[in-house]
Amino acid sequence: MNSIILLSVLGLGNLFLGFRRSNRLLLPVAMLILGLVLTVNFIDWNQGPQSFFHGMLVVDNFSVAFTGIVVLTALVLVPFSQKYVLDGEANLAEYYSLLLFSLVGAIMLVSYNHLIMLFLGIEILSVAMYVLAGSDKRNLRSNEAALKYFLMGSFFTGFLLFGMALVYGATGTLELEDIRFAVQNPVNESLTPMLYIGMLLMLIGIAFKVSAAPFHFWTPDVYEGTPTFFTAFMSTVVKTAGFAAFLKLLVQAFPAASAQGIWLPTLTAMCVLTLLIGNVGAVTQTSIKRMLAYSSVSHAGYLLIALVAFNGELEGASANGILFYSLAYSVATVAAFGVVKLVADARQREDYNGLNGLAKTNPLLAFSLLVSMLSLAGIPLTGGFFGKFFIFSAAVEKGYIGLVVFAVVMSMVSIYYYLRPIIAMYMREPDATTEEAVPVTKFQAGALLLLALLTVLLGVVPGLVAGVL
Amino acid sequence: MLTVLLLLWPVAAALLLHFFKGRAARVPALGAALVEFALAAYAALTFNANHSGQFSYNLNWIPSAGIQFAVGMDGLSLLLVLLTAVLVPVILLSAFRRNFENESVFYALVLFMQTGLIGVFTAQDAFLFYFMWEVALIPIYFLAGVWGGVNRARVTFKFFLYTIIGSLFMLAGFVYLYFQTGPSADGLSAHNSALTSFYALNLPAETQMWVFWLIFAAFAVKMPIFPFHTWQPDTYTEAPAPATMLLSGIMLKMGIYGCMRWLLPVVPMGVDYWQNLVLILAIIGIIYGAIIAIRQQDVKRLIAYSSLSHVGLMIAGVFSLTQMGLQGASIQMLAHGVNVVGMFFIADAIERRTGTRNIADLGGLTRKAPVLTVCFLVLLLGTVALPLTNGFVGEFLLLAGVYQYNAWMGAVAGVTIILGAVYLLRMFQRVMLGPDSSFTESFTDLTGAELALLVPLIVLVFWIGLFPNTFLHLSEGSVLNILNEVVKR
């Protein structure tokens, strides 16, 4: 709760920096705000559940942990906004404030206890993202991305809202606990179909936000058109918050066996499809950004496995798996997009060959991308390995051996496309267009080092985060 | 605690190497490897051959999952740790002969890999073993991929995919076994992955039959056993000489060690069921490797195929499930490591001087380089398994073991010695004897530094050949333990 208040107030305060045209201050101030929020957030750790607004928001360890991930992601991401600062763009402060406000939405998503809060959270997060997707105003692709994301997003928010309405009609409540009770003890059997249709519509609405197949088709285009900085935000913060919200909904509202009988097969099918489309789609890409877009789809697939290995509570193997995986994935993805952005800004290209010989010109960038690719591929020594390990073992424990075998085969496929940037950076010589070193600021170098260190730390001492919930 | 030191020192040294640039990194890198050797030697001197599992260290690595950072050494582990500690300084020294770009990174990766190798040989927890298995893979991928020959990107990519897919199968097998175990000692987790709990599993025979292949996949690729060997000759040829030495001298032993420690005692009934098939594959590998080696024109490829052939015999010995076979494999791992590293070094020395590895282009080196000839001959005869050399002890025990299992298989496997003599002596004759060629006109003999590098290897050739008991004595207890676990069920 403290973090929501802090972010809203300081986000507004941040806007005033814009009036004073203090563009140089924006980045340090934003980092300061995020650092402060990150610290304050952990005051609530192990304080037991506290509810706010008549039980509409509940702050517990689950929400504190996921808030920690999204705020940390934003904190290490902001240094990469540097280019905008150098551009002397007029309304810079707005972008930073939008970013902070969208985090408020993400935090609501991980701590809601009432469907209205879920809806508000998704909207606060999304509306900010619609604007930010189009923030490169003079770029047609950015405009296209914003429009596409907005139209599709509104459409699927419609699904979500319609689903909530049906659930409300069937149960007479929007409170998660009450919905669970109503699902387990239906008053009127004839309303059951309405309830489950409502539930499925809500699932579709959230599945769109986390880009799970078959609701993923917007992802590659939007990711490609959106300025890379905000793409990174979209594929980490939105996904992490989305999955936390997903898990909360299933655990707190629909854990009943009868409801599971419907959503479990649906999610399993979505999971298989997402893994297939994400991984196979990424293989054929020539642009790294598009590859990362498909890779982000595939990671939604791995996270769906954790949902399928559902154990009916916000702790234990499933929730811990999502927590660890989201953290490892966010850290690696921010680094990947960060490097891709810096290289693309300097060299005006986003294909694999643009990375040729990067190990020679910018050893730090190359190393950082190397660690992040290995982590996304799930190679040991990186956090990504333990992320997959925890999720897969949670699923094996529940008996989903076939699903895990399929996921393992898919991660073998993923090694192919994650190795391509590594080969380009380390095993190819720089050509005429890639001879010059890419400029990197101190903040960016620091953030990249921190991310690489964090990835390795998660890969060597996973006990730090594993099993905290 | 000593084991932990053995594990941490190389990686710490690798990190410190970043403070040195280029050639300045050579001395510290070698120094670090020698310190590691001293540590390993100290471990060997204080080792008590009558006890198993010494220098143990346990740390709760992932308490919520019952995964321990458990390391320790028995005789078998110690032998391989010693092998690693002896070969790494030699390999580093051999790297000094060439000028690499980013030398400090190269040496750092070699040291980093040493941690992974020692970790594999000392891990007492399944997931730690898997972890270390991959820790050893990542540096060698870059050593071969960044500093290798023209086709390096393609070849190392194939190598990486093969090995990582193999090891993912192993991981799947471990995860399955993990869920069959009981709660961890501290009760925090419902399962644990300790080596001893895996040994204590009593799985039905049908389960063991398929779990066997999951685990064996990783080892089969790494050793490699026919038909999983197709990555090997290309990778050995394209990789820079030090990386080839690491691959053939030490990394290959990970597979054989893995079979002995993590396969035979864990799924004994599965092993029993597939024993015959694996032996047949191993023997096909022996003959196949040898026949292809006879036809090779490239010195490095020839040694690569000869290595395939020799490894086949070690696999056959391990899967004969006899004490002689396993003891033979233990000592042959040392002998092969020493010989193959020496052979690759000499091949590299010749290539550096003449610029070619093609046998047809070489000849008449004996007259120009008598010292090199002697060294080459000793290592070659060791590989051919002449009595009094290290190869003889190992191959004799291995063949005796295979013979005990099945006389016919023993007879066919015995061909390896004859064929080995054929292709190796043929190579020696073409390269060292005969008329000079345009490539060998200005050939110079070994330098002092090169000789200093070969001397320890040659000492080991004779030491293992004349006093094999020094080493057999160490591994005997472990081999008996493994066989006990196998026959217990």
# chains A, B, ... in the order shown; residues from 1 in each chain; ligands from 1
call {"tool": "residues_around", "arguments": {"residues": "segment 133-149 of chain A", "least_positions_apart": "3", "cutoff": "9 Å", "atoms": "only C-alpha atoms", "output": "VMD selection string"}}
result
chain A and resid 95 128 to 130 152 to 154 218 to 219 221 to 227 230 to 231
call {"tool": "write_last_selection", "arguments": {"atoms": "C-alpha atoms", "output": "PDB file, in the first residue's frame"}}
result
ATOM      1  CA  TYR A  95       7.094   9.619 -19.895  1.00  0.00           C
ATOM      2  CA  ALA A 128       0.015   4.077 -19.761  1.00  0.00           C
ATOM      3  CA  MET A 129       1.501   1.446 -22.064  1.00  0.00           C
ATOM      4  CA  TYR A 130      -0.740   2.478 -24.989  1.00  0.00           C
ATOM      5  CA  MET A 152      -6.588  -5.045 -29.386  1.00  0.00           C
ATOM      6  CA  GLY A 153      -6.089  -4.155 -25.756  1.00  0.00           C
ATOM      7  CA  SER A 154      -9.446  -2.427 -25.484  1.00  0.00           C
ATOM      8  CA  TRP A 218      -0.197  -8.607 -31.436  1.00  0.00           C
ATOM      9  CA  THR A 219       3.068  -9.229 -29.624  1.00  0.00           C
ATOM     10  CA  ASP A 221       4.312  -6.223 -34.209  1.00  0.00           C
ATOM     11  CA  VAL A 222       3.767  -4.164 -31.104  1.00  0.00           C
ATOM     12  CA  TYR A 223       7.112  -5.129 -29.608  1.00  0.00           C
ATOM     13  CA  GLU A 224       8.900  -4.262 -32.806  1.00  0.00           C
ATOM     14  CA  GLY A 225       7.265  -0.876 -33.281  1.00  0.00           C
ATOM     15  CA  THR A 226       7.366   0.294 -29.683  1.00  0.00           C
ATOM     16  CA  PRO A 227      10.553   2.129 -28.684  1.00  0.00           C
ATOM     17  CA  PHE A 230       9.153   0.535 -23.424  1.00  0.00           C
ATOM     18  CA  THR A 231       9.164  -2.870 -25.091  1.00  0.00           C
TER      19      THR A 231
END
call {"tool": "interface_residues", "arguments": {"of": "chain A", "to": "chain B", "cutoff": "8 Å", "atoms": "only C-alpha atoms", "output": "list of chain:residue names"}}
result
A:Ile379, A:Pro380, A:Leu381, A:Ser393, A:Val396, A:Glu397, A:Val408, A:Met412, A:Ile415, A:Tyr416, A:Ile423, A:Tyr426, A:Met427, A:Val461, A:Pro462, A:Gly463, A:Ala466, A:Gly467
call {"tool": "write_last_selection", "arguments": {"atoms": "C-alpha atoms", "output": "PDB file, in the first residue's frame"}}
result
ATOM      1  CA  ILE A 379      21.680 -22.916 -19.106  1.00  0.00           C
ATOM      2  CA  PRO A 380      23.050 -23.547 -15.590  1.00  0.00           C
ATOM      3  CA  LEU A 381      25.042 -20.885 -13.760  1.00  0.00           C
ATOM      4  CA  SER A 393       9.814 -29.968 -11.038  1.00  0.00           C
ATOM      5  CA  VAL A 396       6.540 -33.252 -12.549  1.00  0.00           C
ATOM      6  CA  GLU A 397       5.481 -33.460  -8.928  1.00  0.00           C
ATOM      7  CA  VAL A 408      12.089 -29.485 -22.397  1.00  0.00           C
ATOM      8  CA  MET A 412      16.186 -27.362 -26.702  1.00  0.00           C
ATOM      9  CA  ILE A 415      18.973 -22.895 -27.535  1.00  0.00           C
ATOM     10  CA  TYR A 416      19.255 -22.481 -31.295  1.00  0.00           C
ATOM     11  CA  ILE A 423      27.831 -16.531 -32.134  1.00  0.00           C
ATOM     12  CA  TYR A 426      31.908 -13.723 -30.092  1.00  0.00           C
ATOM     13  CA  MET A 427      32.680 -15.742 -33.176  1.00  0.00           C
ATOM     14  CA  VAL A 461      22.737 -19.220  -4.909  1.00  0.00           C
ATOM     15  CA  PRO A 462      19.095 -19.796  -5.873  1.00  0.00           C
ATOM     16  CA  GLY A 463      18.281 -20.324  -2.196  1.00  0.00           C
ATOM     17  CA  ALA A 466      13.635 -19.929  -3.937  1.00  0.00           C
ATOM     18  CA  GLY A 467      10.965 -20.866  -1.470  1.00  0.00           C
TER      19      GLY A 467
END
call {"tool": "residues_around", "arguments": {"residues": "Ala437 of chain A", "least_positions_apart": "5", "cutoff": "8 Å", "atoms": "only C-alpha atoms", "output": "MDAnalysis selection string"}}
result
chainID A and resid 358 361:362
call {"tool": "atom_distance", "arguments": {"atom1": "atom CA of Asn356 of chain A", "atom2": "atom CA of Ala432 of chain A"}}
result
10.1 Å
call {"tool": "closest_residue", "arguments": {"among": "A:Gly172, A:Gly301, A:Gly261, A:Gly105", "to": "Ala245 of chain A", "atoms": "only C-alpha atoms"}}
result
A:Gly105
call {"tool": "residues_around", "arguments": {"residues": "Tyr96 of chain A", "least_positions_apart": "2", "cutoff": "9 Å", "atoms": "only C-alpha atoms", "output": "ChimeraX atom specification"}}
result
/A:11,14-15,26-27,30,78,92-94,98-101
call {"tool": "write_last_selection", "arguments": {"atoms": "N, CA and C atoms", "output": "PDB file, in the first residue's frame"}}
result
ATOM      1  N   GLY A  11       5.087  10.369  -8.426  1.00  0.00           N
ATOM      2  CA  GLY A  11       4.893  10.443  -9.869  1.00  0.00           C
ATOM      3  C   GLY A  11       4.340  11.796 -10.256  1.00  0.00           C
ATOM      4  N   ASN A  14       6.958  14.334  -9.929  1.00  0.00           N
ATOM      5  CA  ASN A  14       7.884  14.227 -11.043  1.00  0.00           C
ATOM      6  C   ASN A  14       7.439  15.095 -12.210  1.00  0.00           C
ATOM      7  N   LEU A  15       6.103  15.208 -12.385  1.00  0.00           N
ATOM      8  CA  LEU A  15       5.579  16.029 -13.477  1.00  0.00           C
ATOM      9  C   LEU A  15       6.028  17.475 -13.335  1.00  0.00           C
ATOM     10  N   LEU A  26      15.682  14.423 -14.430  1.00  0.00           N
ATOM     11  CA  LEU A  26      14.609  13.428 -14.494  1.00  0.00           C
ATOM     12  C   LEU A  26      15.075  12.019 -14.186  1.00  0.00           C
ATOM     13  N   LEU A  27      16.166  11.621 -14.842  1.00  0.00           N
ATOM     14  CA  LEU A  27      16.616  10.247 -14.665  1.00  0.00           C
ATOM     15  C   LEU A  27      17.045   9.958 -13.225  1.00  0.00           C
ATOM     16  N   ALA A  30      13.967   9.857 -11.023  1.00  0.00           N
ATOM     17  CA  ALA A  30      13.149   8.657 -11.220  1.00  0.00           C
ATOM     18  C   ALA A  30      13.802   7.469 -10.528  1.00  0.00           C
ATOM     19  N   VAL A  78      15.258   2.072 -16.123  1.00  0.00           N
ATOM     20  CA  VAL A  78      15.247   3.507 -16.455  1.00  0.00           C
ATOM     21  C   VAL A  78      16.571   4.056 -16.994  1.00  0.00           C
ATOM     22  N   LEU A  92       9.382  15.356 -21.691  1.00  0.00           N
ATOM     23  CA  LEU A  92      10.016  14.167 -21.147  1.00  0.00           C
ATOM     24  C   LEU A  92       9.423  13.688 -19.836  1.00  0.00           C
ATOM     25  N   ALA A  93       9.141  14.662 -18.955  1.00  0.00           N
ATOM     26  CA  ALA A  93       8.704  14.303 -17.607  1.00  0.00           C
ATOM     27  C   ALA A  93       7.476  13.411 -17.667  1.00  0.00           C
ATOM     28  N   GLU A  94       6.644  13.614 -18.685  1.00  0.00           N
ATOM     29  CA  GLU A  94       5.423  12.820 -18.794  1.00  0.00           C
ATOM     30  C   GLU A  94       5.737  11.339 -18.931  1.00  0.00           C
ATOM     31  N   LEU A  98       4.385   8.611 -16.507  1.00  0.00           N
ATOM     32  CA  LEU A  98       3.537   7.519 -16.992  1.00  0.00           C
ATOM     33  C   LEU A  98       4.100   6.169 -16.554  1.00  0.00           C
ATOM     34  N   LEU A  99       5.422   6.089 -16.619  1.00  0.00           N
ATOM     35  CA  LEU A  99       6.067   4.848 -16.209  1.00  0.00           C
ATOM     36  C   LEU A  99       5.766   4.558 -14.735  1.00  0.00           C
ATOM     37  N   LEU A 100       5.891   5.601 -13.909  1.00  0.00           N
ATOM     38  CA  LEU A 100       5.642   5.415 -12.481  1.00  0.00           C
ATOM     39  C   LEU A 100       4.178   5.071 -12.241  1.00  0.00           C
ATOM     40  N   PHE A 101       3.285   5.746 -12.961  1.00  0.00           N
ATOM     41  CA  PHE A 101       1.855   5.465 -12.778  1.00  0.00           C
ATOM     42  C   PHE A 101       1.520   4.040 -13.211  1.00  0.00           C
TER      43      PHE A 101
END
call {"tool": "closest_residue", "arguments": {"among": "B:Ile215, B:Lys158, B:Gln68, B:Pro265", "to": "Ser184 of chain B", "atoms": "only C-alpha atoms"}}
result
B:Gln68
call {"tool": "residues_around", "arguments": {"residues": "segment 50-64 of chain A", "least_positions_apart": "3", "cutoff": "9 Å", "atoms": "only C-alpha atoms", "output": "PyMOL selection string"}}
result
chain A and resi 1+41-47+67-69+107-117+175+244+314-315+319+323+468-469
call {"tool": "write_last_selection", "arguments": {"atoms": "C-alpha atoms", "output": "PDB file, in the first residue's frame"}}
result
ATOM      1  CA  MET A   1       0.000   0.000   0.000  1.00  0.00           C
ATOM      2  CA  ASN A  41       7.884  -1.978  -0.121  1.00  0.00           C
ATOM      3  CA  PHE A  42       9.854  -4.475   1.913  1.00  0.00           C
ATOM      4  CA  ILE A  43       8.740  -2.930   5.217  1.00  0.00           C
ATOM      5  CA  ASP A  44       5.566  -4.965   4.754  1.00  0.00           C
ATOM      6  CA  TRP A  45       7.475  -8.227   4.391  1.00  0.00           C
ATOM      7  CA  ASN A  46       6.272 -10.863   6.880  1.00  0.00           C
ATOM      8  CA  GLN A  47       3.811  -8.426   8.464  1.00  0.00           C
ATOM      9  CA  THR A  67       5.906  -5.660  -6.156  1.00  0.00           C
ATOM     10  CA  GLY A  68       9.597  -6.026  -5.412  1.00  0.00           C
ATOM     11  CA  ILE A  69      10.173  -7.637  -8.808  1.00  0.00           C
ATOM     12  CA  ILE A 107       1.142  -3.210  -7.947  1.00  0.00           C
ATOM     13  CA  MET A 108      -2.651  -3.224  -7.835  1.00  0.00           C
ATOM     14  CA  LEU A 109      -2.574  -6.302 -10.062  1.00  0.00           C
ATOM     15  CA  VAL A 110      -0.457  -8.222  -7.595  1.00  0.00           C
ATOM     16  CA  SER A 111      -2.429  -7.188  -4.516  1.00  0.00           C
ATOM     17  CA  TYR A 112      -6.096  -7.035  -5.595  1.00  0.00           C
ATOM     18  CA  ASN A 113      -8.743  -8.791  -3.610  1.00  0.00           C
ATOM     19  CA  HIS A 114     -11.713  -7.528  -5.593  1.00  0.00           C
ATOM     20  CA  LEU A 115     -12.374  -7.817  -9.307  1.00  0.00           C
ATOM     21  CA  ILE A 116     -12.829  -4.069  -9.661  1.00  0.00           C
ATOM     22  CA  MET A 117      -9.265  -3.633  -8.473  1.00  0.00           C
ATOM     23  CA  GLU A 175     -14.933 -10.164  -3.804  1.00  0.00           C
ATOM     24  CA  ALA A 244       0.738 -12.839 -10.445  1.00  0.00           C
ATOM     25  CA  LEU A 314      -0.243 -18.479  -2.918  1.00  0.00           C
ATOM     26  CA  GLU A 315       2.805 -20.324  -1.599  1.00  0.00           C
ATOM     27  CA  ALA A 319       3.754 -19.651  -6.652  1.00  0.00           C
ATOM     28  CA  LEU A 323       8.162 -15.773  -8.506  1.00  0.00           C
ATOM     29  CA  VAL A 468      10.543 -17.455   0.193  1.00  0.00           C
ATOM     30  CA  LEU A 469       6.764 -17.506  -0.209  1.00  0.00           C
TER      31      LEU A 469
END
call {"tool": "select_by_dssp", "arguments": {"residues": "segment 283-417 of chain A", "states": "helix (DSSP H, G or I)", "output": "PyMOL selection string"}}
result
chain A and resi 283+288-308+316-347+352-355+358-361+363-377+383-397+401-417
call {"tool": "residues_around", "arguments": {"residues": "segment 389-396 of chain B", "least_positions_apart": "3", "cutoff": "6 Å", "atoms": "only C-alpha atoms", "output": "number ranges by chain"}}
result
B: 328, 331-332, 335, 382-383, 385-386, 399, 461-462, 464-465
call {"tool": "closest_residue", "arguments": {"among": "A:Tyr325, A:Phe208, A:Phe156, A:Tyr196", "to": "Gly169 of chain A", "atoms": "only C-alpha atoms"}}
result
A:Tyr196
call {"tool": "residues_around", "arguments": {"residues": "segment 233-241 of chain B", "least_positions_apart": "2", "cutoff": "6 Å", "atoms": "only C-alpha atoms", "output": "number ranges by chain"}}
result
B: 144, 148-149, 152, 155, 231, 243-244, 300-301, 304
call {"tool": "atom_distance", "arguments": {"atom1": "atom CA of Leu161 of chain A", "atom2": "atom CA of Phe233 of chain A"}}
result
24.5 Å
call {"tool": "atom_distance", "arguments": {"atom1": "atom CA of Phe310 of chain A", "atom2": "atom CA of Pro265 of chain A"}}
result
12.1 Å
